[in-house]
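File shown: input33.tsv. Contents: TSV, C-alpha atoms and all ligand atoms.
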chain	number	residue	atom	x	y	z
F	1	MET	CA	2.59	9.21	18.05
F	2	LYS	CA	-1.03	9.40	17.06
F	3	ARG	CA	-1.07	13.17	16.85
F	4	ASP	CA	2.11	13.15	14.82
F	5	TYR	CA	0.48	10.79	12.35
F	6	SER	CA	-2.66	12.89	11.92
F	7	VAL	CA	-0.69	16.09	11.37
F	8	LYS	CA	1.33	14.38	8.67
F	9	PHE	CA	-1.86	13.01	7.20
F	10	LEU	CA	-3.36	16.50	7.05
F	11	ILE	CA	-0.24	17.87	5.39
F	12	MET	CA	-0.42	15.07	2.88
F	13	MET	CA	-4.09	15.71	2.17
F	14	PHE	CA	-3.26	19.36	1.69
F	15	MET	CA	-0.48	18.48	-0.73
F	16	MET	CA	-2.82	16.22	-2.65
F	17	PHE	CA	-5.45	18.89	-3.05
F	18	GLU	CA	-2.85	21.41	-4.09
F	19	VAL	CA	-1.68	19.26	-7.00
F	20	GLY	CA	-5.18	18.40	-8.15
F	21	ALA	CA	-5.93	15.40	-5.95
F	22	GLY	CA	-3.79	12.69	-7.56
F	23	LYS	CA	-4.43	9.32	-5.97
F	24	LEU	CA	-2.23	8.28	-3.05
F	25	HIS	CA	-1.05	4.67	-3.32
F	26	ARG	CA	0.11	3.05	-0.07
F	27	VAL	CA	2.91	0.81	-1.23
F	28	GLY	CA	2.18	-2.71	0.02
F	29	ASP	CA	-1.14	-1.57	1.54
F	30	LYS	CA	-1.20	-2.58	5.24
F	31	GLN	CA	2.08	-4.47	4.90
F	32	GLY	CA	3.92	-1.27	4.05
F	33	TRP	CA	7.49	-1.23	2.75
F	34	ASN	CA	8.99	-4.35	4.34
F	35	PRO	CA	10.88	-7.52	3.42
F	36	ASN	CA	9.03	-10.59	2.14
F	37	VAL	CA	6.10	-8.71	0.64
F	38	ASN	CA	5.20	-9.57	-2.95
F	39	TYR	CA	5.12	-6.12	-4.56
F	40	SER	CA	4.36	-7.51	-8.03
F	41	GLU	CA	1.22	-8.91	-6.48
F	42	TRP	CA	0.44	-5.51	-4.90
F	43	CYS	CA	1.06	-3.68	-8.22
F	44	SER	CA	-1.25	-5.96	-10.14
F	45	HIS	CA	-4.20	-4.46	-8.21
F	46	GLU	CA	-3.17	-0.83	-8.74
F	47	GLN	CA	-3.36	1.62	-11.64
F	48	PHE	CA	-0.91	4.49	-11.60
F	49	TYR	CA	-1.46	7.76	-13.40
F	50	VAL	CA	0.64	10.90	-13.81
F	51	GLY	CA	0.03	13.10	-10.77
F	52	ASP	CA	-0.49	10.17	-8.39
F	53	TRP	CA	1.59	9.74	-5.25
F	54	LEU	CA	3.28	6.79	-3.61
F	55	LEU	CA	3.42	6.48	0.17
F	56	PHE	CA	6.19	4.33	1.60
F	57	ASN	CA	5.70	3.31	5.24
F	58	PHE	CA	8.80	1.78	6.77
F	59	ASP	CA	11.26	1.69	9.63
F	60	LYS	CA	13.96	4.11	8.56
F	61	HIS	CA	16.46	2.47	10.94
F	62	TYR	CA	16.57	-0.58	8.67
F	63	PHE	CA	15.15	0.29	5.28
F	64	ASN	CA	15.28	3.06	2.73
F	65	VAL	CA	13.64	3.93	-0.59
F	66	LEU	CA	15.78	4.60	-3.62
F	67	GLU	CA	14.66	5.24	-7.15
F	68	VAL	CA	16.99	3.32	-9.46
F	69	ASN	CA	17.15	2.47	-13.15
F	70	LYS	CA	15.99	-0.80	-14.70
F	71	THR	CA	19.40	-2.48	-14.58
F	72	SER	CA	19.89	-1.65	-10.91
F	73	TYR	CA	16.37	-2.82	-10.14
F	74	GLU	CA	17.01	-6.17	-11.77
F	75	THR	CA	20.36	-6.69	-10.06
F	76	CYS	CA	19.40	-5.12	-6.69
F	77	ASN	CA	22.20	-2.58	-7.04
F	78	ASP	CA	21.76	0.25	-4.53
F	79	GLN	CA	24.76	2.26	-5.77
F	80	ASN	CA	24.30	5.01	-8.39
F	81	PHE	CA	20.64	5.47	-7.49
F	82	ILE	CA	18.61	8.22	-9.19
F	83	HIS	CA	16.72	9.58	-6.14
F	84	ASN	CA	16.89	8.94	-2.44
F	85	ILE	CA	13.28	9.19	-1.29
F	86	THR	CA	14.07	8.26	2.32
F	87	ARG	CA	13.11	10.91	4.86
F	88	GLY	CA	11.25	10.00	8.06
F	89	GLY	CA	9.73	6.64	7.16
F	90	ARG	CA	6.35	7.89	5.96
F	91	ASP	CA	7.59	9.22	2.71
F	92	VAL	CA	5.67	10.32	-0.33
F	93	PHE	CA	6.84	10.47	-3.91
F	94	GLU	CA	5.01	12.09	-6.82
F	95	LEU	CA	4.80	10.22	-10.12
F	96	THR	CA	5.25	13.09	-12.55
F	97	GLU	CA	5.93	11.22	-15.80
F	98	ALA	CA	4.31	8.44	-17.82
F	99	ARG	CA	7.06	5.83	-17.56
F	100	PRO	CA	8.13	2.90	-15.38
F	101	TYR	CA	9.62	3.89	-12.02
F	102	TYR	CA	11.92	1.44	-10.23
F	103	PHE	CA	12.36	1.48	-6.46
F	104	LEU	CA	14.29	-0.67	-4.05
F	105	SER	CA	15.61	-0.70	-0.53
F	106	GLY	CA	19.35	-0.69	-0.06
F	107	GLY	CA	21.22	-2.58	2.63
F	108	GLY	CA	20.58	-5.93	0.95
F	109	TYR	CA	16.82	-5.85	1.61
F	110	CYS	CA	16.13	-5.69	-2.12
F	111	PHE	CA	17.20	-9.34	-2.21
F	112	HIS	CA	14.39	-10.03	0.28
F	113	GLY	CA	11.74	-8.63	-2.00
F	114	MET	CA	11.94	-4.90	-1.23
F	115	LYS	CA	11.76	-3.81	-4.85
F	116	VAL	CA	8.86	-2.51	-6.86
F	117	VAL	CA	8.27	-1.30	-10.39
F	118	VAL	CA	5.42	1.12	-10.97
F	119	ASN	CA	4.15	1.68	-14.51
F	120	VAL	CA	2.72	5.17	-14.75
F	121	GLU	CA	0.20	5.98	-17.47
F	122	ILE	CA	-1.30	9.20	-18.79
F	123	PRO	CA	-4.75	9.70	-17.24
F	124	GLN	CA	-7.51	8.50	-19.56
F	125	ALA	CA	-9.62	11.23	-21.13
F	126	PRO	CA	-13.36	10.62	-20.73
F	127	ALA	CA	-14.43	8.16	-23.44
F	128	PRO	CA	-15.57	10.10	-26.53
F	129	ALA	CA	-19.11	9.51	-27.78
F	130	PRO	CA	-19.17	6.69	-30.36
F	131	ALA	CA	-18.97	8.10	-33.91
F	132	LYS	CA	-21.95	6.08	-35.17
F	133	ASN	CA	-24.34	7.30	-32.51
F	134	ASP	CA	-24.08	11.08	-32.63
F	135	SER	CA	-27.20	11.88	-30.61
F	136	PRO	CA	-25.20	12.59	-27.41
F	137	SER	CA	-23.20	15.32	-29.15
F	138	ILE	CA	-26.39	16.78	-30.64
F	139	ALA	CA	-27.91	16.80	-27.19
F	140	GLY	CA	-24.69	18.46	-26.01
F	141	SER	CA	-24.97	21.18	-28.66
F	142	TYR	CA	-28.56	21.82	-27.64
F	143	ILE	CA	-27.50	22.26	-24.04
F	144	VAL	CA	-24.76	24.73	-25.09
F	145	LEU	CA	-27.27	26.53	-27.32
F	146	LEU	CA	-29.77	26.72	-24.47
F	147	ILE	CA	-27.12	28.16	-22.16
F	148	VAL	CA	-26.08	30.71	-24.81
F	149	ILE	CA	-29.69	31.68	-25.40
F	150	SER	CA	-30.66	31.77	-21.75
F	151	MET	CA	-27.63	33.76	-20.61
F	152	PRO	CA	-28.72	37.13	-22.07
F	153	VAL	CA	-32.22	36.33	-20.81
F	154	ALA	CA	-30.82	35.79	-17.34
F	155	CYS	CA	-28.96	39.11	-17.61
F	156	VAL	CA	-32.10	40.87	-18.78
F	157	VAL	CA	-34.01	39.38	-15.87
F	158	LEU	CA	-31.29	40.56	-13.52
F	159	LEU	CA	-31.38	44.08	-14.99
F	160	PHE	CA	-35.03	44.45	-14.27
E	201	LIG	C1	4.36	-12.63	-6.62
E	201	LIG	O1	3.12	-12.47	-7.23
E	201	LIG	C2	3.16	-12.66	-8.63
E	201	LIG	C3	1.80	-12.25	-9.18
E	201	LIG	O2	0.75	-12.73	-8.42
E	201	LIG	C4	3.54	-14.11	-8.92
E	201	LIG	O3	3.57	-14.32	-10.31
E	201	LIG	C5	4.90	-14.39	-8.32
E	201	LIG	O4	5.24	-15.74	-8.48
E	201	LIG	C6	4.93	-14.02	-6.83
E	201	LIG	N1	6.31	-14.09	-6.38
E	201	LIG	C7	6.64	-14.72	-5.26
E	201	LIG	C8	8.09	-14.67	-4.92
E	201	LIG	O5	5.83	-15.31	-4.54
E	202	LIG	C1	21.82	2.16	-14.85
E	202	LIG	O1	22.85	2.81	-14.13
E	202	LIG	C2	24.09	2.13	-14.17
E	202	LIG	C3	25.04	2.85	-13.24
E	202	LIG	O2	25.01	4.24	-13.42
E	202	LIG	C4	24.60	2.08	-15.62
E	202	LIG	O3	25.79	1.38	-15.68
E	202	LIG	C5	23.53	1.38	-16.47
E	202	LIG	O4	23.92	1.40	-17.82
E	202	LIG	C6	22.18	2.05	-16.32
E	202	LIG	N1	21.17	1.28	-17.02
E	202	LIG	C7	20.20	1.82	-17.73
E	202	LIG	C8	19.22	0.88	-18.34
E	202	LIG	O5	20.10	3.03	-17.87
E	203	LIG	C1	18.93	9.01	2.03
E	203	LIG	O1	18.49	10.17	2.69
E	203	LIG	C2	18.39	10.00	4.11
E	203	LIG	C3	17.72	11.24	4.68
E	203	LIG	O2	18.27	12.41	4.13
E	203	LIG	C4	19.76	9.75	4.68
E	203	LIG	O3	19.67	9.59	6.07
E	203	LIG	C5	20.33	8.49	4.03
E	203	LIG	O4	21.66	8.29	4.47
E	203	LIG	C6	20.30	8.59	2.52
E	203	LIG	N1	20.64	7.29	1.98
E	203	LIG	C7	21.53	7.13	1.01
E	203	LIG	C8	21.75	5.74	0.55
E	203	LIG	O5	22.12	8.08	0.51
Now that the file is in, can you turn its structure into structure tokens?
Ligand SMILES: *[C@@H]1O[C@H](CO)[C@@H](O)[C@H](O)[C@H]1NC(C)=O
Ligand SMILES: *[C@@H]1O[C@H](CO)[C@@H](O)[C@H](O)[C@H]1NC(C)=O
Ligand SMILES: *[C@@H]1O[C@H](CO)[C@@H](O)[C@H](O)[C@H]1NC(C)=O
Amino acid sequence: MKRDYSVKFLIMMFMMFEVGAGKLHRVGDKQGWNPNVNYSEWCSHEQFYVGDWLLFNFDKHYFNVLEVNKTSYETCNDQNFIHNITRGGRDVFELTEARPYYFLSGGGYCFHGMKVVVNVEIPQAPAPAPAKNDSPSIAGSYIVLLIVISMPVACVVLLF
């Protein structure tokens, strides 16, 4: 069991690096994907960005993970789902778009709290330098200038 877990973990790490290391969110943290967990509470501590991943940990004999639309989420309707994410019970899902994603478990477990909505945002660009205080950008230009100036020098040094 333990070995199986670590192999999957390595594969997951590999996948994460391959896509540019989006954050992996363990749905429900230690509680996993189970009935009677408050997933609104869990979501309120998380920030989701495009390129992040969700990890659902659950017993596949009882539960599943379906992506549904808003209406189905609200009414716990497990028919006409958009995606069936269920595989082995340690299943990952990539959040590729900036939009709300709705998930639930079929088999009536949605009515016992197994539903979650994840609001995905576009990653924040680094905060631009305030317009009033333009010294950082001047400093930046100087650094670029220094690099431009020093590059031929470095080449000359290398040539000799
Ligand atoms: C779940 O948590 C949210 C946010 O903390 C809270 O507003 C809500 O009442 C909770 N729901 C249940 C069923 O406990
Ligand atoms: C969700 O899907 C159901 C079934 O396909 C459909 O009747 C409903 O209009 C959809 N709701 C939204 C908000 O797309
Ligand atoms: C979802 O996919 C799993 C694994 O392929 C399958 O066992 C299960 O029956 C599917 N569930 C639904 C509701 O289609």
With distances taken over all atoms listed in the file, which of F:Asn84, F:Asn77, F:Asn36, F:Gln31 is nearest to Gly107 (chain F)?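 Ranking F:Asn84, F:Asn77, F:Asn36, F:Gln31 by distance to Gly107 (chain F), first place goes to F:Asn77.
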Point-to-point distance in Å for atom O2 of ligand LIG 203 (chain E) and CA of Ala21 (chain F):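 Answer for the CA of Ala21 (chain F) to atom O2 of ligand LIG 203 (chain E) separation: 26.4 Å.
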Taking all atoms listed in the file into account, which residues have an atom no farther than 10 Å from ligand LIG 203 (chain E)? I'd like them as a short mmCIF file (atom, residue, chain, number, x, y, z; two decimals) with C-alpha atoms, in the coordinates of the input.
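Resulting contents of result.cif:
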data_model
loop_
_atom_site.label_atom_id
_atom_site.label_comp_id
_atom_site.auth_asym_id
_atom_site.auth_seq_id
_atom_site.Cartn_x
_atom_site.Cartn_y
_atom_site.Cartn_z
CA LYS F 60 13.96 4.11 8.56
CA HIS F 61 16.46 2.47 10.94
CA PHE F 63 15.15 0.29 5.28
CA ASN F 64 15.28 3.06 2.73
CA VAL F 65 13.64 3.93 -0.59
CA LEU F 66 15.78 4.60 -3.62
CA ASP F 78 21.76 0.25 -4.53
CA GLN F 79 24.76 2.26 -5.77
CA ASN F 80 24.30 5.01 -8.39
CA PHE F 81 20.64 5.47 -7.49
CA HIS F 83 16.72 9.58 -6.14
CA ASN F 84 16.89 8.94 -2.44
CA ILE F 85 13.28 9.19 -1.29
CA THR F 86 14.07 8.26 2.32
CA ARG F 87 13.11 10.91 4.86
CA GLY F 88 11.25 10.00 8.06
CA GLY F 89 9.73 6.64 7.16
CA SER F 105 15.61 -0.70 -0.53
CA GLY F 106 19.35 -0.69 -0.06
CA GLY F 107 21.22 -2.58 2.63
#
Might I get the box with edges along x, y and z of the file that holds all atoms of ligand LIG 201 (chain E) listed there, padded by 5 Å on every side, given as centre and edge lengths in Å to one decimal, as JSON?
{"center_x": 4.4, "center_y": -14.0, "center_z": -7.4, "size_x": 17.3, "size_y": 13.5, "size_z": 15.8}
Taking only C-alpha atoms and all ligand atoms into account, produce a table as JSON lines in which each residue of chain F with an atom at most 7 Å from an atom of ligand LIG 202 (chain E) appears once, together with its shortest atom pair and the distance in Å to one decimal, ordered by chain and rising number.
{"residue": "F:Asn69", "atom": "CA", "partner": "E:LIG202", "partner_atom": "C1", "distance": 5.0}
{"residue": "F:Lys70", "atom": "CA", "partner": "E:LIG202", "partner_atom": "C8", "distance": 5.1}
{"residue": "F:Thr71", "atom": "CA", "partner": "E:LIG202", "partner_atom": "N1", "distance": 4.8}
{"residue": "F:Ser72", "atom": "CA", "partner": "E:LIG202", "partner_atom": "C1", "distance": 5.8}
{"residue": "F:Asn80", "atom": "CA", "partner": "E:LIG202", "partner_atom": "O2", "distance": 5.1}
Residues of chain F within 7 Å of ligand LIG 201 (chain E): nearest atom pair and distance (Å, one decimal) for each, counting all atoms listed in the file, sorted by chain and number, as JSON lines?
{"residue": "F:Asn38", "atom": "CA", "partner": "E:LIG201", "partner_atom": "C1", "distance": 4.9}
{"residue": "F:Tyr39", "atom": "CA", "partner": "E:LIG201", "partner_atom": "C1", "distance": 6.9}
{"residue": "F:Ser40", "atom": "CA", "partner": "E:LIG201", "partner_atom": "O1", "distance": 5.2}
{"residue": "F:Glu41", "atom": "CA", "partner": "E:LIG201", "partner_atom": "O1", "distance": 4.1}
